[in-house]
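Student: I have a structure I would like to understand better, so I am pasting it below and will then ask my questions one at a time.
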Amino acid sequence: MSAIRKALFSATLFAIASLSPATSPRAIAQEAMDTTRITRLPNSKELFAFPQSTAYTTPLTVPEALTALSTLLVSANWQPYEQAFASQSTGQDLAIVYFKNDRQLLSVMISKAPAQNDATSISYTGLMTGHDLPFPKSASAIKYDPTRPYLGCVSTSDPESLSRELREGLVARGWQAWSPRDAKRVDIADQKTEQGITAFYVHASAPSLRLSLVKRNEGQTAVTVEGISAEVLAALGKSVSNSDASSKDAESKDAVSKDTERTAKQEPTAAPSAQEPVDPTKNLADDIMREARAAIGEALRGIKEPSAKTGKSKGDVEQADAGAPLAAMQPGEAGSNLPVPLPEGSENINIDDGQLEFSNTASVSQVAAFYRSALKAAGWKVRATPINKPNMVVVEFARSGKDSRWTIMRMGDQTRVTATGSVFETAAKEAGDREDKAGSSSTRAEPSITAEQLEADEAAGLPVPKQSTSKGSEKTMFRVSALADVPAPLEAVLGFYRREIAKRPDWQMLNEETNTKATARIRYATPAGPALLTLTEKSGTTSVVLLVRKQKEAQASGLMPAAGQVRILIGNVTDKDVQVSLAKKTIKVGAGKGAKAPDGPTLEVKPGTYVVKVKGAGISDAPPEEISVGADEIWGLMIGPGGVLPLPMY
């Protein structure tokens, strides 16, 4: 179950979804955030704690909690920022704020919690950055958008110091200074004027950047970092070259102009206002940026406005933009490996690692209507979610054991679509199989990393390779797991774990099931309980899940089921009574029961697959949830406004 699906059971869903397009294949690798370790307000009570999302309550009001928590997080080196191109949500009953600490982004939602005796609920959600930009340490009034990328702020530092600081941060993230004049990478490319500094940076797999540092009269420096296209950067280089070529002619004309001013008869004019010196480099860059934006605007108008042959009025166009049905792209336009149709006008199409991304100039409602209609016609069942707004829609579909989840959000003048689910994982596997078959007769490169080269690190006290591109951990009441993605073949990662676990004499290997081509599973007996290592290789990256079940703690709790059975604990985080239907039984769950402690109803069932249905005044139109449970397991069913959330606990 995805992190976003889990977040349906708290208001953190809105924070997760607001930046979901940022998780693109170009996203900079970063260590997974563990929100359970982030500082909390004193006198708080935990609601739940997972690495990706943590929630607790405080007796403070929403405004009081916002002030106190902001002070606490800032003292822990978290820098507050606003989303650059979205409105800020703050009020007496709700506040959504954002913080950044080095390369980690944190969304914080503070809201009233009637189900918790009118306490205030605070939830932390870790967000992935699309294009990570460094924040100056002295920055204030920060506005940031990692998907564009864009950063705007002010600082009390001088332009030279800020340029050095930002250069170091950008270089550490893969950008390099670029000289438009020489059209090449350089160590330092600062173009200094009396007003400040302008510099450009390029990246192998991310947009180029323009850095502008402008002095202000009040002793501050305005900082702007924004993405620019390769075409604009190339145009800038040409403009600089043309400017150099005509410099002598310009100087001559300037001399003639000044001589004419001295000798010509003066006409009465208004006194000129005092102006700061002009930065010619900045003006040149601004002119090119304006021309590029004008060209983009012209192109978009060509898409949105009807041709003269249609005879439609401007009002007709606006009406069409508001909700005209979209046609599907032809298969040749959309690509050969897509398992779903794309609406006409889709661009920047990419499918990789089980995720589809594209952009479209149509409205959010148009794109959402296209998929509700097209997929329903193809036999998919629609699953509604609480996210259905003019600027953002989240919708789910299911068919024949496959599923897909669509996040459709307006960003500037584009609608950005991100879709995940098993249907895309199947498509990616089929594409990979075709590539393997096509390349079977060619010579394969030797693995770049061996088991001996993998160094040991830890996540939740369990070994993971230090070279992992992402790593993290998950904890529930009676289980803990370490997760990692390693850019190495399966045999190398398997060798790493054989070596590292051999260093733990109290771990005993029980059996090993290895398919050297794709998967490996090893079972262990540990002092805490049984452990399972699962390795899966795909496209040269091996995914790791090392799970330890805390058998002794589960037995001591009295919650273990009878041998061969499954124990299910039920909790209700809403402020209304609900009814849960499971295994031909209907159970009433009181408001708040089982939300903070295992004091809600429990049920023992046989291993198998069950459909869980929830009804209640505090529940939206939630679809039934299907869960598969095994012998001697403990599961939790948390009921929230979005329906039911199954949680494996042992």
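For the structure tokens, the naming scheme is as follows: chains receive sequential letters (A, B, ...) according to their order of presentation, residues are indexed from 1 within each chain, and ligands are indexed from 1 in presentation order.
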So that I can see what lies close to A:Leu66, please list as a ChimeraX atom specification the residues with an atom at most 9 Å from it, counting only C-alpha atoms and leaving out residues fewer than 5 positions away in the same chain.
Tutor: /A:61,71,95,97,110
Student: Go ahead and dump the residues you just picked, C-alpha atoms, as a compact mmCIF listing (two decimals), in the first residue's frame.
Tutor:
```txt
# COMPACT_ATOMS: atom_id res chain seq x y z
CA THR A 61 -4.47 25.89 20.07
CA THR A 71 10.44 28.11 16.93
CA ALA A 95 -2.24 25.58 9.27
CA VAL A 97 3.56 24.94 6.65
CA ILE A 110 -1.67 21.57 12.37
```
Student: Quick one: everything within 10 Å of A:Pro601, counting only C-alpha atoms, minus sequence neighbours fewer than 3 positions away in the same chain. Send it as a ChimeraX atom specification.
Tutor: /A:568-572,587-590,593-594,598
Student: Check the DSSP output for the backbone and give back, as an MDAnalysis selection string, the residues of stretch 12-244 of chain A in strand (DSSP E or B).
Tutor: chainID A and resid 45:49 53:58 79:83 89:90 94:101 104:113 119:127 139:145 150:155 176:179 184:185 191:192 196:202 208:215 221:228
Student: In Å to one decimal, how far is atom CA of A:Leu535 from atom CA of A:Ser628?
Tutor: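 Pair atom CA of A:Ser628 / atom CA of A:Leu535 returns 21.4 Å.
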Student: I'd like the interatomic distance between atom CA of A:Glu194 and atom CA of A:Arg167, to a tenth of an Å.
Tutor: 20.0 Å
Student: Which residues, written as a PyMOL selection string, have at least one atom at most 9 Å from A:Gly564, with only C-alpha atoms counted and residues fewer than 4 positions away on the same chain left out?
Tutor: chain A and resi 606-607+630-633
Student: Could you check the closest approach to A:Pro530 for each of A:Val544, A:Leu326, A:Met509, A:Ala562 and tell me which residue wins, using only C-alpha atoms?
Tutor: A:Met509
Student: Measuring atom to atom with only C-alpha atoms, identify which of A:Thr418, A:Thr67, A:Ser373, A:Ser581 is nearest to A:Phe358.
Tutor: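 Closest residue, counting only C-alpha atoms: A:Thr418.
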Student: Out of A:Ala583, A:Ala456, A:Arg148, A:Leu106, which residue has the shortest atom-to-atom distance to A:Gln414 when counting only C-alpha atoms?
Tutor: A:Arg148
Student: Name all residues at most 9 Å from A:Leu166 (count only C-alpha atoms; drop same-chain ones fewer than 5 positions away) and give them as a PyMOL selection string.
Tutor: chain A and resi 133-136+161+171+211
